[in-house]
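Okay, upload_16.cif now, which holds mmCIF, C-alpha atoms:
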data_model
loop_
_atom_site.group_PDB
_atom_site.id
_atom_site.type_symbol
_atom_site.label_atom_id
_atom_site.label_comp_id
_atom_site.auth_asym_id
_atom_site.auth_seq_id
_atom_site.Cartn_x
_atom_site.Cartn_y
_atom_site.Cartn_z
ATOM 1 C CA MET Z 1 -70.721 89.891 24.548
ATOM 2 C CA PRO Z 2 -74.422 89.192 24.182
ATOM 3 C CA GLU Z 3 -75.175 89.670 20.499
ATOM 4 C CA LEU Z 4 -78.476 90.903 19.119
ATOM 5 C CA PRO Z 5 -80.416 87.594 19.326
ATOM 6 C CA ASP Z 6 -79.243 87.194 22.939
ATOM 7 C CA LEU Z 7 -80.147 90.774 23.846
ATOM 8 C CA LEU Z 8 -83.637 90.385 22.399
ATOM 9 C CA TYR Z 9 -84.232 87.266 24.475
ATOM 10 C CA VAL Z 10 -82.776 88.821 27.638
ATOM 11 C CA LEU Z 11 -84.954 91.861 27.113
ATOM 12 C CA SER Z 12 -88.117 89.782 26.736
ATOM 13 C CA GLN Z 13 -87.388 87.917 29.970
ATOM 14 C CA LEU Z 14 -86.538 91.048 31.945
ATOM 15 C CA ARG Z 15 -89.711 92.745 30.770
ATOM 16 C CA GLU Z 16 -91.774 89.754 31.824
ATOM 17 C CA ARG Z 17 -90.163 89.424 35.267
ATOM 18 C CA LEU Z 18 -89.365 92.986 36.315
ATOM 19 C CA VAL Z 19 -91.407 95.691 34.589
ATOM 20 C CA GLY Z 20 -93.848 97.253 37.067
ATOM 21 C CA ARG Z 21 -91.895 96.087 40.108
ATOM 22 C CA VAL Z 22 -90.268 98.442 42.613
ATOM 23 C CA VAL Z 23 -86.542 98.540 43.416
ATOM 24 C CA THR Z 24 -86.221 97.413 47.018
ATOM 25 C CA ALA Z 25 -82.440 97.000 47.313
ATOM 26 C CA GLU Z 26 -79.192 97.816 45.552
ATOM 27 C CA ARG Z 27 -75.557 97.000 45.985
ATOM 28 C CA VAL Z 28 -72.346 97.604 44.097
ATOM 29 C CA ARG Z 29 -69.354 95.289 44.094
ATOM 30 C CA GLU Z 30 -67.348 96.711 41.172
ATOM 31 C CA PRO Z 31 -67.762 100.503 40.978
ATOM 32 C CA VAL Z 32 -65.541 100.554 37.866
ATOM 33 C CA VAL Z 33 -68.461 99.456 35.669
ATOM 34 C CA LEU Z 34 -70.710 102.333 36.798
ATOM 35 C CA ARG Z 35 -70.942 105.879 35.443
ATOM 36 C CA PHE Z 36 -73.137 108.611 36.935
ATOM 37 C CA THR Z 37 -74.020 111.715 34.971
ATOM 38 C CA ILE Z 38 -76.231 112.998 37.793
ATOM 39 C CA ARG Z 39 -75.486 113.633 41.456
ATOM 40 C CA GLY Z 40 -75.958 110.449 43.448
ATOM 41 C CA ASN Z 41 -75.620 106.679 43.001
ATOM 42 C CA LEU Z 42 -77.743 103.566 42.535
ATOM 43 C CA SER Z 43 -79.586 104.315 45.787
ATOM 44 C CA LEU Z 44 -81.520 106.889 43.760
ATOM 45 C CA LEU Z 45 -83.454 103.970 42.272
ATOM 46 C CA LEU Z 46 -84.773 102.721 45.620
ATOM 47 C CA GLY Z 47 -88.533 102.918 45.764
ATOM 48 C CA ARG Z 48 -88.895 103.573 42.045
ATOM 49 C CA PRO Z 49 -90.842 101.152 39.845
ATOM 50 C CA LEU Z 50 -89.268 99.878 36.646
ATOM 51 C CA ARG Z 51 -91.527 101.427 34.030
ATOM 52 C CA GLU Z 52 -89.959 100.027 30.879
ATOM 53 C CA ALA Z 53 -87.014 98.051 29.529
ATOM 54 C CA PHE Z 54 -85.843 98.438 25.964
ATOM 55 C CA ARG Z 55 -82.845 98.161 23.648
ATOM 56 C CA LYS Z 56 -81.067 101.209 22.290
ATOM 57 C CA SER Z 57 -78.254 100.188 20.000
ATOM 58 C CA HIS Z 58 -76.076 97.706 21.959
ATOM 59 C CA PHE Z 59 -77.364 98.972 25.324
ATOM 60 C CA LEU Z 60 -80.186 97.597 27.444
ATOM 61 C CA VAL Z 61 -82.019 100.502 29.050
ATOM 62 C CA PHE Z 62 -83.992 100.247 32.289
ATOM 63 C CA ARG Z 63 -86.363 103.184 32.613
ATOM 64 C CA PHE Z 64 -87.497 104.510 35.965
ATOM 65 C CA GLU Z 65 -89.351 107.715 36.791
ATOM 66 C CA GLY Z 66 -86.981 110.464 35.674
ATOM 67 C CA LEU Z 67 -83.958 108.136 35.413
ATOM 68 C CA ASP Z 68 -82.529 105.649 32.928
ATOM 69 C CA LEU Z 69 -79.989 102.943 33.725
ATOM 70 C CA ALA Z 70 -78.310 102.108 30.402
ATOM 71 C CA VAL Z 71 -76.048 99.041 30.384
ATOM 72 C CA ASN Z 72 -73.572 98.123 27.643
ATOM 73 C CA PRO Z 73 -72.339 94.565 28.389
ATOM 74 C CA MET Z 74 -69.429 94.851 25.917
ATOM 75 C CA LEU Z 75 -67.083 91.834 25.812
ATOM 76 C CA ALA Z 76 -68.088 89.694 28.779
ATOM 77 C CA GLY Z 77 -71.068 91.289 30.515
ATOM 78 C CA ARG Z 78 -74.232 89.305 31.191
ATOM 79 C CA PHE Z 79 -77.351 89.463 33.310
ATOM 80 C CA ARG Z 80 -78.738 86.963 35.803
ATOM 81 C CA LEU Z 81 -81.998 86.733 37.724
ATOM 82 C CA SER Z 82 -81.393 85.291 41.201
ATOM 83 C CA GLU Z 83 -83.120 84.858 44.515
ATOM 84 C CA PRO Z 84 -82.002 87.473 47.076
ATOM 85 C CA GLY Z 85 -79.536 86.052 49.552
ATOM 86 C CA THR Z 86 -77.920 83.550 47.209
ATOM 87 C CA PRO Z 87 -74.104 83.838 47.217
ATOM 88 C CA ASP Z 88 -72.588 86.529 45.029
ATOM 89 C CA GLU Z 89 -70.700 85.489 41.928
ATOM 90 C CA GLY Z 90 -67.060 86.529 41.723
ATOM 91 C CA SER Z 91 -67.884 88.455 38.580
ATOM 92 C CA LEU Z 92 -70.715 90.473 40.140
ATOM 93 C CA GLY Z 93 -70.652 94.146 39.198
ATOM 94 C CA PHE Z 94 -73.856 95.390 40.794
ATOM 95 C CA ALA Z 95 -77.327 94.184 41.668
ATOM 96 C CA LEU Z 96 -80.825 95.592 41.962
ATOM 97 C CA GLY Z 97 -83.411 93.894 44.179
ATOM 98 C CA PHE Z 98 -87.058 93.745 43.171
ATOM 99 C CA GLY Z 99 -88.611 92.072 46.190
ATOM 100 C CA ASP Z 100 -88.252 88.313 45.741
ATOM 101 C CA VAL Z 101 -86.026 88.546 42.654
ATOM 102 C CA GLU Z 102 -82.663 90.191 42.108
ATOM 103 C CA LEU Z 103 -81.200 91.418 38.830
ATOM 104 C CA ARG Z 104 -77.446 90.926 38.787
ATOM 105 C CA TYR Z 105 -74.973 92.294 36.285
ATOM 106 C CA LEU Z 106 -71.938 90.008 35.924
ATOM 107 C CA ASP Z 107 -68.723 90.902 34.116
ATOM 108 C CA ASP Z 108 -65.553 88.797 34.274
ATOM 109 C CA LYS Z 109 -63.527 91.413 32.381
ATOM 110 C CA LYS Z 110 -65.030 94.519 34.020
ATOM 111 C CA MET Z 111 -65.203 96.104 30.581
ATOM 112 C CA GLY Z 112 -68.946 96.715 30.475
ATOM 113 C CA LYS Z 113 -70.401 100.063 31.471
ATOM 114 C CA ALA Z 114 -73.640 101.065 33.161
ATOM 115 C CA TYR Z 115 -74.750 104.703 33.001
ATOM 116 C CA LEU Z 116 -77.298 106.252 35.368
ATOM 117 C CA ILE Z 117 -78.615 109.283 33.529
ATOM 118 C CA ALA Z 118 -81.600 111.600 33.433
ATOM 119 C CA SER Z 119 -84.230 110.021 31.184
ATOM 120 C CA ASP Z 120 -83.389 110.347 27.482
ATOM 121 C CA ASP Z 121 -80.114 112.187 28.139
ATOM 122 C CA TRP Z 122 -78.380 110.048 25.508
ATOM 123 C CA LYS Z 123 -75.750 112.690 24.774
ATOM 124 C CA ALA Z 124 -74.294 111.906 28.197
ATOM 125 C CA ILE Z 125 -73.250 108.453 26.968
ATOM 126 C CA PRO Z 126 -70.238 108.496 24.611
ATOM 127 C CA GLY Z 127 -71.010 107.115 21.169
ATOM 128 C CA LEU Z 128 -74.640 106.221 21.797
ATOM 129 C CA GLN Z 129 -76.048 108.862 19.470
ATOM 130 C CA THR Z 130 -73.940 107.688 16.538
ATOM 131 C CA GLY Z 131 -75.482 104.234 16.162
ATOM 132 C CA GLY Z 132 -76.297 102.830 12.731
ATOM 133 C CA ILE Z 133 -79.438 101.379 11.177
ATOM 134 C CA ASP Z 134 -81.313 98.802 13.228
ATOM 135 C CA ILE Z 135 -80.881 95.682 11.107
ATOM 136 C CA LEU Z 136 -84.187 94.245 12.268
ATOM 137 C CA SER Z 137 -86.195 97.403 11.595
ATOM 138 C CA THR Z 138 -88.144 98.494 8.519
ATOM 139 C CA GLU Z 139 -85.456 101.139 7.924
ATOM 140 C CA PHE Z 140 -83.034 98.367 6.970
ATOM 141 C CA SER Z 141 -84.171 98.228 3.371
ATOM 142 C CA ARG Z 142 -82.207 96.727 0.507
ATOM 143 C CA GLU Z 143 -81.801 100.175 -1.045
ATOM 144 C CA ARG Z 144 -80.439 101.694 2.163
ATOM 145 C CA PHE Z 145 -78.007 98.835 2.656
ATOM 146 C CA VAL Z 146 -76.727 98.960 -0.934
ATOM 147 C CA SER Z 147 -76.177 102.697 -0.573
ATOM 148 C CA LEU Z 148 -74.154 102.194 2.608
ATOM 149 C CA LEU Z 149 -72.082 99.395 1.125
ATOM 150 C CA LYS Z 150 -71.078 101.185 -2.058
ATOM 151 C CA HIS Z 151 -69.464 104.012 -0.089
ATOM 152 C CA ARG Z 152 -67.232 101.693 1.950
ATOM 153 C CA ARG Z 153 -63.558 101.157 1.166
ATOM 154 C CA ASP Z 154 -62.771 98.561 3.827
ATOM 155 C CA GLN Z 155 -63.161 94.798 4.134
ATOM 156 C CA VAL Z 156 -66.707 93.504 4.262
ATOM 157 C CA ARG Z 157 -66.374 91.996 7.739
ATOM 158 C CA VAL Z 158 -65.085 95.296 9.103
ATOM 159 C CA PHE Z 159 -68.130 97.012 7.595
ATOM 160 C CA LEU Z 160 -70.525 94.500 9.146
ATOM 161 C CA LEU Z 161 -69.051 95.119 12.594
ATOM 162 C CA ASP Z 162 -69.165 98.910 12.322
ATOM 163 C CA LYS Z 163 -71.867 99.915 14.814
ATOM 164 C CA LYS Z 164 -71.934 103.421 13.364
ATOM 165 C CA ALA Z 165 -73.226 101.864 10.149
ATOM 166 C CA LEU Z 166 -75.242 98.845 11.297
ATOM 167 C CA ASP Z 167 -76.979 98.212 14.611
ATOM 168 C CA SER Z 168 -75.626 95.690 15.146
ATOM 169 C CA LEU Z 169 -73.623 92.556 14.487
ATOM 170 C CA GLY Z 170 -70.935 90.974 16.637
ATOM 171 C CA ASN Z 171 -68.154 88.557 15.739
ATOM 172 C CA ALA Z 172 -70.201 85.355 15.816
ATOM 173 C CA TYR Z 173 -73.046 86.566 13.637
ATOM 174 C CA ALA Z 174 -70.791 88.440 11.223
ATOM 175 C CA ASP Z 175 -69.213 85.063 10.468
ATOM 176 C CA GLU Z 176 -72.631 83.421 10.110
ATOM 177 C CA VAL Z 177 -73.910 86.152 7.783
ATOM 178 C CA LEU Z 178 -70.877 85.956 5.497
ATOM 179 C CA PHE Z 179 -71.147 82.161 5.365
ATOM 180 C CA GLU Z 180 -74.843 82.406 4.487
ATOM 181 C CA ALA Z 181 -74.023 84.901 1.725
ATOM 182 C CA GLY Z 182 -71.007 82.933 0.449
ATOM 183 C CA ILE Z 183 -68.631 85.888 0.834
ATOM 184 C CA HIS Z 184 -65.043 85.706 2.088
ATOM 185 C CA PRO Z 185 -64.508 87.902 5.189
ATOM 186 C CA LYS Z 186 -61.543 89.716 3.633
ATOM 187 C CA THR Z 187 -63.423 90.730 0.479
ATOM 188 C CA TRP Z 188 -63.227 94.456 -0.263
ATOM 189 C CA CYS Z 189 -66.626 96.133 -0.117
ATOM 190 C CA ARG Z 190 -65.873 97.929 -3.382
ATOM 191 C CA SER Z 191 -65.527 94.587 -5.184
ATOM 192 C CA LEU Z 192 -69.063 93.479 -4.310
ATOM 193 C CA GLY Z 193 -71.618 93.849 -7.097
ATOM 194 C CA HIS Z 194 -75.280 94.723 -6.764
ATOM 195 C CA ASP Z 195 -76.372 91.078 -6.592
ATOM 196 C CA ASP Z 196 -73.730 90.408 -3.918
ATOM 197 C CA ALA Z 197 -75.076 93.318 -1.884
ATOM 198 C CA LEU Z 198 -78.661 92.054 -2.128
ATOM 199 C CA ARG Z 199 -77.544 88.569 -1.135
ATOM 200 C CA LEU Z 200 -75.660 89.972 1.844
ATOM 201 C CA HIS Z 201 -78.654 92.038 2.952
ATOM 202 C CA ALA Z 202 -80.910 88.972 2.759
ATOM 203 C CA ALA Z 203 -78.356 86.936 4.721
ATOM 204 C CA ILE Z 204 -78.233 89.502 7.539
ATOM 205 C CA VAL Z 205 -81.999 89.475 7.959
ATOM 206 C CA ARG Z 206 -82.352 85.698 7.638
ATOM 207 C CA VAL Z 207 -79.516 84.814 10.008
ATOM 208 C CA LEU Z 208 -80.553 87.269 12.721
ATOM 209 C CA VAL Z 209 -84.265 86.433 12.610
ATOM 210 C CA GLU Z 210 -83.632 82.685 12.668
ATOM 211 C CA ALA Z 211 -81.085 83.041 15.474
ATOM 212 C CA ALA Z 212 -83.427 85.178 17.572
ATOM 213 C CA ASP Z 213 -86.183 82.589 17.127
ATOM 214 C CA GLU Z 214 -83.834 79.747 18.071
ATOM 215 C CA VAL Z 215 -82.485 81.472 21.190
ATOM 216 C CA ALA Z 216 -86.047 82.212 22.326
ATOM 217 C CA ARG Z 217 -87.129 78.631 21.582
ATOM 218 C CA ARG Z 218 -84.343 77.214 23.761
ATOM 219 C CA GLY Z 219 -85.538 79.232 26.765
ATOM 220 C CA GLU Z 220 -82.222 79.057 28.633
ATOM 221 C CA ALA Z 221 -81.376 81.204 31.650
ATOM 222 C CA ILE Z 222 -80.627 84.745 30.490
ATOM 223 C CA GLU Z 223 -76.919 84.523 31.343
ATOM 224 C CA VAL Z 224 -76.394 81.571 28.960
ATOM 225 C CA LYS Z 225 -75.033 82.292 25.487
ATOM 226 C CA VAL Z 226 -76.709 79.869 23.102
ATOM 227 C CA ARG Z 227 -74.193 79.268 20.320
ATOM 228 C CA ASP Z 228 -74.201 75.550 19.501
ATOM 229 C CA PHE Z 229 -76.524 75.976 16.501
ATOM 230 C CA LEU Z 230 -74.127 78.307 14.675
ATOM 231 C CA LYS Z 231 -72.737 76.864 11.445
ATOM 232 C CA VAL Z 232 -69.157 78.143 11.210
ATOM 233 C CA ARG Z 233 -68.186 80.091 14.326
ATOM 234 C CA LEU Z 234 -65.750 77.916 16.320
ATOM 235 C CA LYS Z 235 -66.681 74.875 14.235
ATOM 236 C CA GLN Z 236 -64.278 72.362 12.675
ATOM 237 C CA VAL Z 237 -66.067 71.276 9.494
ATOM 238 C CA CYS Z 238 -68.322 73.090 7.026
ATOM 239 C CA PRO Z 239 -71.916 71.766 7.278
ATOM 240 C CA ARG Z 240 -72.409 72.252 3.515
ATOM 241 C CA CYS Z 241 -69.340 70.843 1.809
ATOM 242 C CA GLY Z 242 -67.365 69.128 4.565
ATOM 243 C CA SER Z 243 -64.267 71.301 4.130
ATOM 244 C CA LYS Z 244 -62.212 72.290 7.135
ATOM 245 C CA ILE Z 245 -63.324 75.613 8.624
ATOM 246 C CA ARG Z 246 -60.483 78.120 8.520
ATOM 247 C CA ARG Z 247 -59.646 81.116 10.676
ATOM 248 C CA ALA Z 248 -58.313 84.439 9.444
ATOM 249 C CA GLY Z 249 -57.324 87.595 11.275
ATOM 250 C CA VAL Z 250 -59.365 90.641 10.265
ATOM 251 C CA ARG Z 251 -58.312 93.846 11.990
ATOM 252 C CA GLY Z 252 -57.144 91.996 15.087
ATOM 253 C CA MET Z 253 -60.204 89.731 15.353
ATOM 254 C CA ASP Z 254 -60.650 86.106 14.347
ATOM 255 C CA ALA Z 255 -62.983 85.368 11.443
ATOM 256 C CA TYR Z 256 -64.161 81.818 10.747
ATOM 257 C CA PHE Z 257 -65.085 80.786 7.201
ATOM 258 C CA CYS Z 258 -65.281 77.913 4.725
ATOM 259 C CA PRO Z 259 -62.643 78.284 1.977
ATOM 260 C CA ARG Z 260 -64.820 76.490 -0.595
ATOM 261 C CA CYS Z 261 -68.200 78.055 0.151
ATOM 262 C CA GLN Z 262 -66.563 81.480 0.663
ATOM 263 C CA PRO Z 263 -63.734 81.561 -1.900
ATOM 264 C CA ALA Z 264 -60.985 84.166 -1.743
ATOM 265 C CA THR Z 265 -61.559 87.200 -3.971
ATOM 266 C CA ARG Z 266 -58.238 88.973 -3.514
ATOM 267 C CA ALA Z 267 -54.729 88.304 -4.734
ATOM 268 C CA GLY Z 268 -52.351 87.373 -1.955
ATOM 269 C CA LEU Z 269 -54.845 85.533 0.226
ATOM 270 C CA VAL Z 270 -54.163 81.905 1.073
ATOM 271 C CA ASP Z 271 -56.102 79.573 -1.217
ATOM 272 C CA TRP Z 272 -56.886 76.842 1.292
ATOM 273 C CA THR Z 273 -58.603 74.770 -1.378
ATOM 274 C CA ARG Z 274 -55.197 74.096 -2.950
ATOM 275 C CA THR Z 275 -53.224 73.273 0.176
ATOM 276 C CA GLY Z 276 -54.628 69.786 0.703
ATOM 277 C CA LYS Z 277 -54.586 70.382 4.459
#

Serialized structure, structure tokens:
Amino acid sequence: MPELPDLLYVLSQLRERLVGRVVTAERVREPVVLRFTIRGNLSLLLGRPLREAFRKSHFLVFRFEGLDLAVNPMLAGRFRLSEPGTPDEGSLGFALGFGDVELRYLDDKKMGKAYLIASDDWKAIPGLQTGGIDILSTEFSRERFVSLLKHRRDQVRVFLLDKKALDSLGNAYADEVLFEAGIHPKTWCRSLGHDDALRLHAAIVRVLVEAADEVARRGEAIEVKVRDFLKVRLKQVCPRCGSKIRRAGVRGMDAYFCPRCQPATRAGLVDWTRTGK
């Protein structure tokens, strides 16, 4: 899925290219990704100018007069700006035409969801009103984060991925944050001290801000996930100490970490530093 740095870049490009332009065409190839909480379909957007585009939690919201189209890309969704008339991708879900440019939503897994709702009717979208603190906002203070962390009884990586607590980290950046903070992904939240919590808070802010800047600097097409600058996710060797990057399962998801820079803190975990492999 597009993670926060990707979404911020996509949003900036869509604002630049589409805001103020009128919807001139629409088509749907995969109705399964669409949800309508009002009577009608995407044709309701024809003739309406796009007034605003913004992020709300892990959704990108396209605001028209009286209507919002809120898209959650989930696992595999992505956006593309194309010229009208170019061949459709096999993964095309739906498209909106804006004169000489077309916004396409692509989704290989068909897991993403797009909701057409009355403006600001967020209660119509399951789970959207229960989002956590925006980790790039002024509300994400050290004190607020420490307070959240000390009430958790799960593993730290599970906490980082909980969108009801934090808005929001995905798999790749959860790994990068924990590497930056020097914390093993299976560490219990309750075992982290105050200094650990402050270090983790600083790592979240630093990693996300630097990643957002790097993605914007690259200036790739909006459907491209820029990941090659990440330090541990899907890498073979730690950039700090040269140890082999290891992979651990955390609640059914793969976590990548360096066993030396992020030492195990729990009995029963494999101590990769002693295996010699």

So which residues touch region 64-71 of chain Z within 6 Å, counting all atoms listed in the file, skipping near sequence neighbours fewer than 6 positions away, as an mmCIF file with C-alpha atoms, keeping the file's coordinate frame?
data_model
loop_
_atom_site.group_PDB
_atom_site.id
_atom_site.type_symbol
_atom_site.label_atom_id
_atom_site.label_comp_id
_atom_site.auth_asym_id
_atom_site.auth_seq_id
_atom_site.Cartn_x
_atom_site.Cartn_y
_atom_site.Cartn_z
ATOM 1 C CA LEU Z 50 -89.268 99.878 36.646
ATOM 2 C CA ARG Z 51 -91.527 101.427 34.030
ATOM 3 C CA LYS Z 113 -70.401 100.063 31.471
ATOM 4 C CA ALA Z 114 -73.640 101.065 33.161
ATOM 5 C CA TYR Z 115 -74.750 104.703 33.001
ATOM 6 C CA LEU Z 116 -77.298 106.252 35.368
ATOM 7 C CA ILE Z 117 -78.615 109.283 33.529
ATOM 8 C CA ALA Z 118 -81.600 111.600 33.433
ATOM 9 C CA SER Z 119 -84.230 110.021 31.184
#

Write out as AutoDock Vina command-line options an axis-aligned box for region 116-123 of chain Z: all of its atoms listed in the file, 8 Å added on each side, centre and edge lengths in Å with one decimal.
--center_x -80.0 --center_y 109.5 --center_z 30.1 --size_x 24.5 --size_y 22.4 --size_z 26.6

Handout entry: Residues near Ala255 (chain Z), cut-off 8 Å, only C-alpha atoms, skip fewer than 2 positions along chain, as JSON, numbers by chain
Key = {"Z": [171, 175, 185, 233, 247, 248, 249, 250, 253, 257]}

Exercise for the section: Given the file shown, enumerate the residues that the PyMOL selection byres ((chain Z and resi 10-12) around 8) captures and present them as a count of residues only. Expected result: 14

Problem - the PyMOL selection byres ((chain Z and resi 94) around 12) resolved against shown file, as a PyMOL selection string - result: chain Z and resi 25-34+41-43+71+77-80+88-93+95-97+102-107+110+112-114

Fill in the blank from the handout: Here CA of Arg266 (chain Z) and CA of Asp154 (chain Z) stand apart by 12.9 Å

Handout entry: Nearest to Ser141 (chain Z) by atom-to-atom distance, counting all atoms listed in the file, from Z:Val215, Z:Val19, Z:Val209, Z:Ala197
Key =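 Of Z:Val215, Z:Val19, Z:Val209, Z:Ala197, the one nearest Ser141 (chain Z) is Z:Ala197, counting all atoms listed in the file.
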
Practice task
Apply the PyMOL selection byres ((chain Z and resi 127) around 12) to the structure shown and report the selected residues as a ChimeraX atom specification.
Solution key: /Z:56-59,72,122-126,128-132,163-164

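Closest to Leu18 (chain Z) among Z:Arg152, Z:Gly99, Z:Arg144, Z:Ala76 is Z:Gly99, based on all atoms listed in the file.
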